[in-house]
$ cat start_6.tsv   # TSV, C-alpha atoms and all ligand atoms
chain	number	residue	atom	x	y	z
C	16	MET	CA	4.89	8.11	-0.09
C	17	PHE	CA	1.49	6.80	-1.12
C	18	VAL	CA	-1.40	8.17	0.96
C	19	PRO	CA	-4.49	6.18	-0.02
C	20	LYS	CA	-8.03	7.53	-0.17
C	21	ARG	CA	-9.31	4.35	1.49
C	22	ILE	CA	-7.82	1.30	3.16
C	23	PHE	CA	-9.43	-2.12	3.41
C	24	PHE	CA	-8.16	-4.29	6.22
C	25	GLU	CA	-8.84	-8.00	6.10
C	26	LYS	CA	-9.91	-8.88	9.64
C	27	LYS	CA	-6.97	-11.20	10.22
C	28	ALA	CA	-4.47	-8.58	9.00
C	29	LEU	CA	-5.02	-6.54	12.16
C	30	GLU	CA	-3.59	-9.40	14.22
C	31	TYR	CA	-0.16	-8.74	12.68
C	32	ALA	CA	2.20	-5.96	13.75
C	33	ILE	CA	2.44	-4.49	10.23
C	34	GLY	CA	-1.36	-4.45	9.88
C	35	GLN	CA	-1.73	-2.70	13.23
C	36	LYS	CA	1.01	-0.22	12.37
C	37	ILE	CA	-0.73	0.80	9.13
C	38	TYR	CA	-4.01	1.10	11.01
C	39	ASP	CA	-2.45	3.33	13.69
C	40	LYS	CA	-0.77	5.51	11.09
C	41	PHE	CA	-3.97	6.27	9.18
C	42	LYS	CA	-6.79	5.91	11.72
C	43	ASP	CA	-6.91	9.62	12.56
C	44	LYS	CA	-6.14	10.85	9.07
C	45	ASN	CA	-8.49	11.79	6.29
C	46	VAL	CA	-8.56	8.21	4.98
C	47	ASP	CA	-11.55	5.84	4.87
C	48	ILE	CA	-10.78	2.80	6.98
C	49	ILE	CA	-12.87	-0.26	6.16
C	50	ILE	CA	-12.50	-3.58	7.94
C	51	ASP	CA	-13.82	-6.08	5.46
C	52	ASN	CA	-12.42	-9.05	3.57
C	53	ARG	CA	-14.21	-7.90	0.43
C	54	VAL	CA	-12.91	-4.89	-1.51
C	55	HIS	CA	-15.68	-2.68	-2.84
C	56	PHE	CA	-16.15	0.95	-3.85
C	57	GLN	CA	-18.52	2.93	-6.03
C	58	ALA	CA	-17.28	3.19	-9.59
C	59	ASN	CA	-20.51	3.09	-11.58
C	60	ASP	CA	-19.24	0.39	-13.90
C	61	ASN	CA	-17.02	2.96	-15.54
C	62	PRO	CA	-13.65	1.28	-16.26
C	63	ALA	CA	-11.66	4.53	-16.19
C	64	LEU	CA	-13.23	5.62	-12.89
C	65	LYS	CA	-12.89	2.16	-11.41
C	66	TYR	CA	-9.20	2.22	-12.32
C	67	LYS	CA	-8.68	5.66	-10.76
C	68	GLU	CA	-10.52	4.73	-7.57
C	69	GLY	CA	-8.70	1.39	-7.40
C	70	LYS	CA	-5.36	3.15	-7.71
C	71	GLN	CA	-6.22	5.22	-4.62
C	72	THR	CA	-7.07	2.14	-2.60
C	73	LEU	CA	-4.81	0.15	-0.31
C	74	VAL	CA	-5.70	-3.37	0.80
C	75	VAL	CA	-3.99	-4.89	3.81
C	76	GLY	CA	-4.21	-8.66	3.76
C	77	VAL	CA	-2.71	-11.97	4.75
C	78	LYS	CA	-1.07	-14.12	2.08
C	79	ARG	CA	-1.87	-17.79	1.93
C	80	VAL	CA	1.71	-18.94	1.49
C	81	SER	CA	2.18	-21.90	-0.81
C	82	LYS	CA	4.24	-22.45	-3.93
C	83	PHE	CA	6.13	-19.43	-5.25
C	84	GLU	CA	5.75	-18.73	-8.95
C	85	THR	CA	8.87	-18.89	-11.08
C	86	CYS	CA	10.31	-15.67	-12.45
C	87	LYS	CA	12.62	-16.43	-15.35
C	88	PRO	CA	14.82	-14.95	-16.70
C	89	SER	CA	15.33	-12.15	-14.16
C	90	ALA	CA	15.23	-14.37	-11.03
C	91	ASP	CA	14.29	-17.86	-9.86
C	92	TYR	CA	11.10	-17.08	-7.95
C	93	GLN	CA	8.65	-14.27	-7.35
C	94	LEU	CA	8.52	-13.12	-3.74
C	95	PRO	CA	4.86	-12.20	-3.16
C	96	LEU	CA	5.15	-9.34	-0.64
C	97	ILE	CA	2.99	-6.76	-2.36
C	98	SER	CA	0.77	-6.74	-5.44
C	99	GLY	CA	-0.32	-3.76	-7.49
C	100	CYS	CA	1.12	-0.31	-7.83
C	101	THR	CA	0.06	3.27	-7.23
C	102	GLY	CA	1.40	4.43	-10.60
C	103	GLN	CA	-0.84	4.89	-13.61
C	104	CYS	CA	1.42	4.02	-16.51
C	105	GLU	CA	-0.71	3.53	-19.59
C	106	TYR	CA	1.32	0.63	-20.95
C	107	CYS	CA	1.71	-1.21	-17.63
C	108	TYR	CA	1.50	-5.03	-17.70
C	109	LEU	CA	-0.46	-4.87	-14.42
C	110	ASN	CA	-3.43	-3.41	-16.34
C	111	THR	CA	-3.81	-6.86	-17.87
C	112	LYS	CA	-2.52	-8.93	-14.99
C	113	LEU	CA	-4.67	-7.36	-12.25
C	114	GLY	CA	-7.63	-6.43	-14.47
C	115	ASP	CA	-10.45	-5.00	-12.38
C	116	LYS	CA	-8.41	-5.17	-9.15
C	117	PRO	CA	-5.95	-2.34	-9.76
C	118	TYR	CA	-5.42	-1.57	-6.08
C	119	THR	CA	-2.21	-2.04	-4.10
C	120	LYS	CA	-2.32	-4.94	-1.67
C	121	VAL	CA	0.30	-5.46	1.02
C	122	PHE	CA	0.73	-8.76	2.82
C	123	VAL	CA	1.36	-8.43	6.52
C	124	ASN	CA	2.56	-11.99	7.18
C	125	VAL	CA	6.00	-11.24	5.78
C	126	ASP	CA	7.63	-13.69	8.19
C	127	ASP	CA	5.61	-16.59	6.72
C	128	ILE	CA	6.63	-15.51	3.21
C	129	LEU	CA	10.31	-15.26	4.19
C	130	ASP	CA	10.16	-18.63	6.00
C	131	ASN	CA	8.94	-20.11	2.76
C	132	ALA	CA	11.79	-18.43	0.86
C	133	LYS	CA	14.18	-20.03	3.32
C	134	LYS	CA	12.87	-23.47	2.34
C	135	TYR	CA	13.48	-22.75	-1.35
C	136	ILE	CA	17.01	-21.57	-0.57
C	137	ALA	CA	17.71	-24.70	1.47
C	138	LYS	CA	16.49	-26.96	-1.36
C	139	SER	CA	19.14	-25.75	-3.81
C	140	ASP	CA	22.94	-26.04	-3.86
C	141	ASN	CA	23.11	-22.87	-5.92
C	142	ILE	CA	22.27	-19.26	-5.19
C	143	THR	CA	18.50	-18.71	-5.35
C	144	ILE	CA	17.30	-15.30	-6.53
C	145	PHE	CA	13.93	-13.81	-5.54
C	146	GLU	CA	12.19	-10.96	-7.37
C	147	GLY	CA	10.17	-8.56	-5.22
C	148	SER	CA	8.50	-6.55	-7.99
C	149	ALA	CA	7.07	-9.19	-10.32
C	150	THR	CA	3.53	-7.90	-9.74
C	151	SER	CA	4.12	-4.58	-8.02
C	152	ASP	CA	6.23	-1.53	-7.43
C	153	PRO	CA	6.94	-2.06	-3.73
C	154	ILE	CA	8.51	1.31	-2.85
C	155	PRO	CA	5.54	3.74	-2.44
C	156	VAL	CA	4.19	1.89	0.64
C	157	GLU	CA	7.59	1.15	2.19
C	158	PRO	CA	7.70	4.18	4.57
C	159	TYR	CA	4.83	2.72	6.65
C	160	THR	CA	5.05	-1.02	5.98
C	161	ASN	CA	8.84	-1.52	6.20
C	162	ILE	CA	8.28	-4.77	4.32
C	163	LEU	CA	11.32	-4.24	2.11
C	164	GLU	CA	13.44	-3.33	5.12
C	165	ARG	CA	12.52	-6.63	6.76
C	166	THR	CA	13.18	-8.53	3.54
C	167	ILE	CA	16.54	-6.86	2.91
C	168	ASN	CA	17.62	-7.66	6.48
C	169	PHE	CA	16.51	-11.27	5.99
C	170	PHE	CA	18.46	-11.76	2.75
C	171	ALA	CA	21.54	-10.06	4.16
C	172	LYS	CA	21.96	-13.11	6.38
C	173	GLU	CA	21.14	-15.74	3.74
C	174	LYS	CA	24.36	-17.12	2.30
C	175	ASN	CA	22.66	-18.60	-0.76
C	176	GLY	CA	19.77	-16.20	-1.23
C	177	LEU	CA	19.58	-12.94	-3.17
C	178	PHE	CA	16.79	-10.42	-3.46
C	179	ARG	CA	16.06	-7.88	-6.18
C	180	PHE	CA	13.36	-5.48	-7.15
C	181	VAL	CA	12.79	-2.60	-9.53
C	182	THR	CA	11.10	0.72	-8.91
C	183	LYS	CA	10.18	4.04	-10.48
C	184	TYR	CA	9.69	5.59	-7.03
C	185	THR	CA	11.86	7.51	-4.63
C	186	ASP	CA	10.79	6.63	-1.05
C	187	VAL	CA	14.06	4.88	-0.35
C	188	ASP	CA	15.33	6.73	2.71
C	189	THR	CA	14.50	3.99	5.22
C	190	LEU	CA	16.61	1.55	3.20
C	191	LEU	CA	19.80	3.60	3.18
C	192	THR	CA	21.27	2.61	6.51
C	193	LEU	CA	20.50	-1.11	6.34
C	194	ASP	CA	23.27	-3.65	6.46
C	195	HIS	CA	22.25	-5.26	3.15
C	196	ASN	CA	25.45	-7.26	2.69
C	197	ASN	CA	25.19	-6.72	-1.09
C	198	HIS	CA	22.44	-9.35	-1.21
C	199	THR	CA	19.76	-6.98	-2.50
C	200	THR	CA	19.87	-5.33	-5.91
C	201	ILE	CA	17.70	-2.26	-6.39
C	202	ARG	CA	17.15	-1.28	-10.01
C	203	PHE	CA	15.44	1.85	-11.28
C	204	SER	CA	13.06	1.94	-14.20
C	205	ILE	CA	13.79	5.00	-16.28
C	206	ASN	CA	12.75	6.57	-19.56
C	207	THR	CA	13.00	9.81	-21.50
C	208	ASP	CA	11.15	12.89	-20.23
C	209	LYS	CA	8.86	12.69	-23.25
C	210	ILE	CA	7.72	9.14	-22.42
C	211	ILE	CA	7.43	9.79	-18.68
C	212	SER	CA	5.21	12.83	-19.16
C	213	ALA	CA	3.10	11.20	-21.88
C	214	TYR	CA	2.47	7.78	-20.36
C	215	GLU	CA	3.79	7.33	-16.81
C	216	HIS	CA	1.16	9.21	-14.79
C	217	SER	CA	1.55	9.54	-11.01
C	218	THR	CA	5.19	8.54	-11.06
C	219	PRO	CA	8.25	10.63	-10.10
C	220	SER	CA	10.16	12.60	-12.75
C	221	LYS	CA	13.31	11.31	-14.36
C	222	SER	CA	15.54	13.55	-12.26
C	223	ARG	CA	13.92	12.42	-8.99
C	224	ARG	CA	14.39	8.77	-9.95
C	225	ILE	CA	18.04	9.43	-10.75
C	226	GLU	CA	18.46	11.18	-7.39
C	227	ALA	CA	16.96	8.13	-5.62
C	228	SER	CA	19.29	5.85	-7.57
C	229	GLN	CA	22.25	7.96	-6.41
C	230	LYS	CA	21.15	7.51	-2.79
C	231	ILE	CA	20.89	3.75	-3.28
C	232	MET	CA	24.33	3.60	-4.93
C	233	ASN	CA	25.83	5.73	-2.17
C	234	ALA	CA	24.37	3.25	0.31
C	235	GLY	CA	26.41	0.56	-1.47
C	236	TYR	CA	23.58	-1.51	-2.95
C	237	PRO	CA	24.15	-3.30	-6.26
C	238	SER	CA	22.04	-1.30	-8.69
C	239	GLY	CA	21.11	-0.82	-12.30
C	240	PHE	CA	18.65	0.64	-14.75
C	241	ILE	CA	15.82	-0.80	-16.72
C	242	ILE	CA	15.19	1.39	-19.73
C	243	ALA	CA	11.70	0.38	-20.66
C	244	PRO	CA	9.60	0.44	-22.60
C	245	VAL	CA	11.70	1.94	-25.38
C	246	PHE	CA	9.56	3.73	-27.96
C	247	LEU	CA	10.99	4.44	-31.40
C	248	TYR	CA	9.54	7.91	-31.97
C	249	ASP	CA	11.04	10.77	-34.03
C	250	ASP	CA	14.34	11.73	-32.39
C	251	TRP	CA	14.36	8.71	-30.06
C	252	LYS	CA	18.10	8.31	-30.51
C	253	THR	CA	18.80	11.88	-29.37
C	254	ASP	CA	16.61	11.52	-26.28
C	255	TYR	CA	17.84	8.06	-25.21
C	256	SER	CA	21.41	9.14	-25.90
C	257	GLU	CA	20.97	12.13	-23.55
C	258	LEU	CA	19.35	9.89	-20.96
C	259	ILE	CA	22.32	7.51	-20.90
C	260	ASP	CA	24.74	10.47	-20.81
C	261	GLU	CA	22.86	11.77	-17.75
C	262	LEU	CA	22.91	8.37	-16.02
C	263	SER	CA	26.64	8.10	-16.63
C	264	ALA	CA	27.32	11.61	-15.31
C	265	LYS	CA	25.30	11.00	-12.13
C	266	VAL	CA	26.78	7.67	-11.01
C	267	PRO	CA	28.69	8.35	-7.77
C	268	LYS	CA	32.41	8.37	-8.55
C	269	ASN	CA	33.34	5.83	-5.89
C	270	TYR	CA	30.54	3.36	-6.76
C	271	LYS	CA	32.02	-0.14	-6.48
C	272	HIS	CA	29.46	-2.34	-8.28
C	273	ASP	CA	28.86	-2.83	-11.98
C	274	ILE	CA	25.69	-1.10	-13.04
C	275	SER	CA	23.37	-3.41	-14.93
C	276	PHE	CA	21.29	-2.32	-17.91
C	277	GLU	CA	18.15	-4.06	-19.10
C	278	VAL	CA	16.60	-2.53	-22.20
C	279	ILE	CA	13.13	-3.57	-23.33
C	280	SER	CA	11.35	-2.33	-26.44
C	281	HIS	CA	7.63	-1.61	-26.35
C	282	ARG	CA	5.35	-4.55	-27.14
C	283	TYR	CA	1.70	-5.28	-26.53
C	284	THR	CA	-0.89	-8.02	-26.82
C	285	ILE	CA	-4.38	-7.49	-28.18
C	286	THR	CA	-5.78	-8.25	-24.71
C	287	ALA	CA	-3.57	-5.52	-23.24
C	288	LYS	CA	-4.54	-3.06	-25.97
C	289	ASN	CA	-8.24	-3.60	-25.28
C	290	LYS	CA	-7.76	-3.11	-21.52
C	291	ILE	CA	-5.69	0.03	-22.09
C	292	LEU	CA	-8.32	1.50	-24.43
C	293	ASN	CA	-10.98	0.83	-21.80
C	294	VAL	CA	-9.13	2.81	-19.16
C	295	PHE	CA	-7.33	5.35	-21.36
C	296	PRO	CA	-9.66	5.80	-24.36
C	297	ASN	CA	-7.58	8.72	-25.69
C	298	THR	CA	-4.22	7.06	-25.32
C	299	THR	CA	-1.56	7.95	-27.86
C	300	LEU	CA	0.40	4.75	-27.21
C	301	PRO	CA	1.61	3.42	-30.58
C	302	MET	CA	-0.52	0.29	-30.95
C	303	ASN	CA	-1.09	-0.08	-34.67
C	304	GLU	CA	-0.73	-3.73	-35.69
C	305	ASP	CA	0.10	-2.73	-39.30
C	306	GLU	CA	3.31	-1.15	-38.06
C	307	ARG	CA	4.41	-4.09	-35.93
C	308	LYS	CA	5.53	-7.69	-36.25
C	309	PHE	CA	3.48	-10.42	-34.59
C	310	LYS	CA	5.51	-12.74	-32.43
C	311	TYR	CA	4.55	-15.72	-30.29
C	312	GLY	CA	5.76	-15.26	-26.72
C	313	GLN	CA	7.17	-17.90	-24.39
C	314	PHE	CA	3.79	-18.24	-22.65
C	315	GLY	CA	1.96	-19.20	-25.83
C	316	TYR	CA	0.21	-15.91	-26.57
C	317	GLY	CA	1.18	-13.51	-29.33
C	318	LYS	CA	2.42	-9.97	-29.00
C	319	TYR	CA	3.13	-7.10	-31.35
C	320	VAL	CA	6.76	-6.03	-31.35
C	321	TYR	CA	8.74	-3.60	-33.49
C	322	THR	CA	9.90	-4.95	-36.86
C	323	LYS	CA	13.13	-6.92	-37.20
C	324	GLU	CA	14.90	-3.94	-38.83
C	325	GLN	CA	13.75	-1.53	-36.11
C	326	LEU	CA	14.82	-3.92	-33.36
C	327	SER	CA	18.26	-4.45	-34.81
C	328	GLU	CA	18.74	-0.68	-35.16
C	329	MET	CA	17.63	-0.27	-31.55
C	330	LYS	CA	19.98	-3.01	-30.30
C	331	GLU	CA	22.90	-1.55	-32.21
C	332	PHE	CA	22.21	1.92	-30.83
C	333	PHE	CA	21.91	0.87	-27.16
C	334	THR	CA	24.86	-1.54	-27.32
C	335	GLN	CA	27.09	1.16	-28.77
C	336	LYS	CA	25.87	3.92	-26.47
C	337	ILE	CA	25.99	1.99	-23.19
C	338	SER	CA	29.35	0.38	-24.07
C	339	SER	CA	30.86	3.79	-24.79
C	340	LEU	CA	30.08	5.11	-21.31
C	341	PHE	CA	29.96	1.97	-19.18
C	342	SER	CA	31.02	-1.34	-20.74
C	343	LYS	CA	29.45	-4.03	-22.87
C	344	GLU	CA	29.44	-6.32	-19.82
C	345	ASN	CA	27.02	-3.96	-18.09
C	346	ILE	CA	24.29	-4.89	-20.58
C	347	LYS	CA	22.20	-7.82	-19.36
C	348	TYR	CA	19.91	-7.88	-22.35
C	349	ILE	CA	18.33	-5.71	-25.02
C	350	ILE	CA	15.07	-7.06	-26.37
C	401	LIG	S1	5.29	2.21	-11.97
C	401	LIG	FE1	5.63	0.21	-12.93
C	401	LIG	S2	4.25	-1.19	-11.92
C	401	LIG	FE2	3.55	0.89	-11.46
C	401	LIG	S3	2.01	1.40	-13.02
C	401	LIG	FE3	3.98	2.13	-13.78
C	401	LIG	S4	4.81	0.42	-15.01
C	401	LIG	FE4	3.17	-0.38	-13.71
$ encode --input "start_6.tsv" --output "structure tokens"
Amino acid sequence: MFVPKRIFFEKKALEYAIGQKIYDKFKDKNVDIIIDNRVHFQANDNPALKYKEGKQTLVVGVKRVSKFETCKPSADYQLPLISGCTGQCEYCYLNTKLGDKPYTKVFVNVDDILDNAKKYIAKSDNITIFEGSATSDPIPVEPYTNILERTINFFAKEKNGLFRFVTKYTDVDTLLTLDHNNHTTIRFSINTDKIISAYEHSTPSKSRRIEASQKIMNAGYPSGFIIAPVFLYDDWKTDYSELIDELSAKVPKNYKHDISFEVISHRYTITAKNKILNVFPNTTLPMNEDERKFKYGQFGYGKYVYTKEQLSEMKEFFTQKISSLFSKENIKYII
């Protein structure tokens, strides 16, 4: 569970039950409580310090609910419940997306957000899928916000609505007894021990994530793994092979859903590289353009990906390995 160093409450947020609950939980603890619509803390214009302080900050706010952003290909729409994450993964896309606002922000007007989701569901004849982790990892604040609990309960009753999110965290206990009606998929982001210890600071170990995934599977949720980002270092095949062996061995025997696999190779943009170097000047992330292929992405900007030969070797390896222990149908994509 994330215990922040400071919490900013937007004034209006305290009028909502979730806002008040967070306030009551932390008001007598060793946490700075600041009621202010503007987030501010001393960081001496030092990007690394600003990042560290930001990551220890929680903001409790009210979302102005309007249009939801699309979220292809993993879902139809983003569900904006929380933004930011307490983790400090060096490669994280949020370093670019959130820039100098690296704090976690929770939105207390969940009912407004879910009412809006209901309108999107009603507009379509098909199933509409909402992604709850497009700009966050929502699990570390769940024990005292219960935002996911509320959302899972909401989707359980929506005939044509599905919810999904991904996490690296383990604070899942409050979700285990919910009547989710198989309408929420909880995936776990996983990697080799070497990558987790080198780059995924302030996140749980591989074995703790696998334990949390077992709890979620035992609670009957549809589940899966995102293996990302895949790095092609010396011995990567041995390590990723062992990882998939371990996942296979730990799936509860009576698990009734198909486990999905999404496998994503490491890539970066020059903007991301510059932000990462600002915050982690000594990073050992492999970001040498001479060793990569430049590729235009779907949003018009270019990124550096592994070479065509490396990617086809990677795809062949993961297809073969996952198919041998699960089945080819379990693989959603390998990119
Ligand atoms: S856990 Fe996920 S969202 Fe959080 S910092 Fe790491 S990669 Fe980013």
$ residues_near_ligand --input "start_6.tsv" --ligand "ligand LIG 401 (chain C)" --cutoff "7 Å" --atoms "all atoms listed in the file" --output "PyMOL selection string"
chain C and resi 99-104+106-109+151-152+182-183+215+218
$ write_last_selection --input "start_6.tsv" --atoms "C-alpha atoms" --output "PDB file, in the coordinates of the input"
ATOM      1  CA  GLY C  99      -0.320  -3.760  -7.490  1.00  0.00           C
ATOM      2  CA  CYS C 100       1.120  -0.310  -7.830  1.00  0.00           C
ATOM      3  CA  THR C 101       0.060   3.270  -7.230  1.00  0.00           C
ATOM      4  CA  GLY C 102       1.400   4.430 -10.600  1.00  0.00           C
ATOM      5  CA  GLN C 103      -0.840   4.890 -13.610  1.00  0.00           C
ATOM      6  CA  CYS C 104       1.420   4.020 -16.510  1.00  0.00           C
ATOM      7  CA  TYR C 106       1.320   0.630 -20.950  1.00  0.00           C
ATOM      8  CA  CYS C 107       1.710  -1.210 -17.630  1.00  0.00           C
ATOM      9  CA  TYR C 108       1.500  -5.030 -17.700  1.00  0.00           C
ATOM     10  CA  LEU C 109      -0.460  -4.870 -14.420  1.00  0.00           C
ATOM     11  CA  SER C 151       4.120  -4.580  -8.020  1.00  0.00           C
ATOM     12  CA  ASP C 152       6.230  -1.530  -7.430  1.00  0.00           C
ATOM     13  CA  THR C 182      11.100   0.720  -8.910  1.00  0.00           C
ATOM     14  CA  LYS C 183      10.180   4.040 -10.480  1.00  0.00           C
ATOM     15  CA  GLU C 215       3.790   7.330 -16.810  1.00  0.00           C
ATOM     16  CA  THR C 218       5.190   8.540 -11.060  1.00  0.00           C
TER      17      THR C 218
END
$ atom_distance --input "start_6.tsv" --atom1 "CA of Thr286 in chain C" --atom2 "CA of Tyr319 in chain C"
11.2 Å
$ residues_near_point --input "start_6.tsv" --point "(0.2, 0.4, -33.8)" --cutoff "12 Å" --atoms "only C-alpha atoms" --output "VMD selection string"
chain C and resid 246 to 247 281 to 285 288 298 to 309 318 to 322
$ closest_residue --input "start_6.tsv" --among "C:Phe333, C:Phe23, C:Tyr255, C:Tyr311" --to "Lys120 in chain C" --atoms "only C-alpha atoms"
C:Phe23
$ atom_distance --input "start_6.tsv" --atom1 "CA of Arg21 in chain C" --atom2 "CA of Leu64 in chain C"
15.0 Å
$ residues_around --input "start_6.tsv" --residues "Phe24 in chain C" --least-positions-apart "4" --cutoff "7 Å" --atoms "only C-alpha atoms" --output "ChimeraX atom specification"
/C:28,49-52,74-76
$ atom_distance --input "start_6.tsv" --atom1 "CA of Ile349 in chain C" --atom2 "CA of Ile279 in chain C"
5.9 Å
$ residues_around --input "start_6.tsv" --residues "Lys133 in chain C" --least-positions-apart "5" --cutoff "12 Å" --atoms "all atoms listed in the file" --output "JSON, numbers by chain"
{"C": [83, 94, 126, 127, 128, 138, 139, 142, 143, 144, 145, 166, 169, 170, 172, 173, 174, 175, 176, 177]}
$ residues_around --input "start_6.tsv" --residues "Lys336 in chain C" --least-positions-apart "3" --cutoff "9 Å" --atoms "all atoms listed in the file" --output "PyMOL selection string"
chain C and resi 256+259-260+331-333+339-341
$ residues_around --input "start_6.tsv" --residues "Met16 in chain C" --least-positions-apart "2" --cutoff "12 Å" --atoms "all atoms listed in the file" --output "number ranges by chain"
C: 18-19, 101-102, 153-160, 184-189, 217-219
$ closest_residue --input "start_6.tsv" --among "C:Lys221, C:Lys44, C:His55, C:His272" --to "Ile201 in chain C" --atoms "all atoms listed in the file"
C:His272
$ closest_residue --input "start_6.tsv" --among "C:Gly235, C:Gly312, C:Pro95, C:Pro244" --to "Ile274 in chain C" --atoms "only C-alpha atoms"
C:Gly235
$ axis_aligned_box --input "start_6.tsv" --around "range 114-129 of chain C" --padding-each-side "8 Å" --output "lines of an AutoDock Vina configuration file"
center_x = -0.1
center_y = -9.1
center_z = -3.1
size_x = 36.8
size_y = 31.0
size_z = 38.7
$ residues_near_point --input "start_6.tsv" --point "(21.4, -1.7, -9.4)" --cutoff "9 Å" --atoms "all atoms listed in the file" --output "ChimeraX atom specification"
/C:179,181,199-203,228,231-232,236-240,272-276
$ closest_residue --input "start_6.tsv" --among "C:Phe178, C:Tyr270, C:Tyr248, C:Tyr38" --to "Ile136 in chain C" --atoms "only C-alpha atoms"
C:Phe178
$ closest_residue --input "start_6.tsv" --among "C:Leu191, C:Leu29, C:Ser280, C:Ser338" --to "Lys323 in chain C" --atoms "all atoms listed in the file"
C:Ser280
$ closest_residue --input "start_6.tsv" --among "C:Gln57, C:Asn131, C:Asn196, C:Thr111" --to "Lys82 in chain C" --atoms "only C-alpha atoms"
C:Asn131
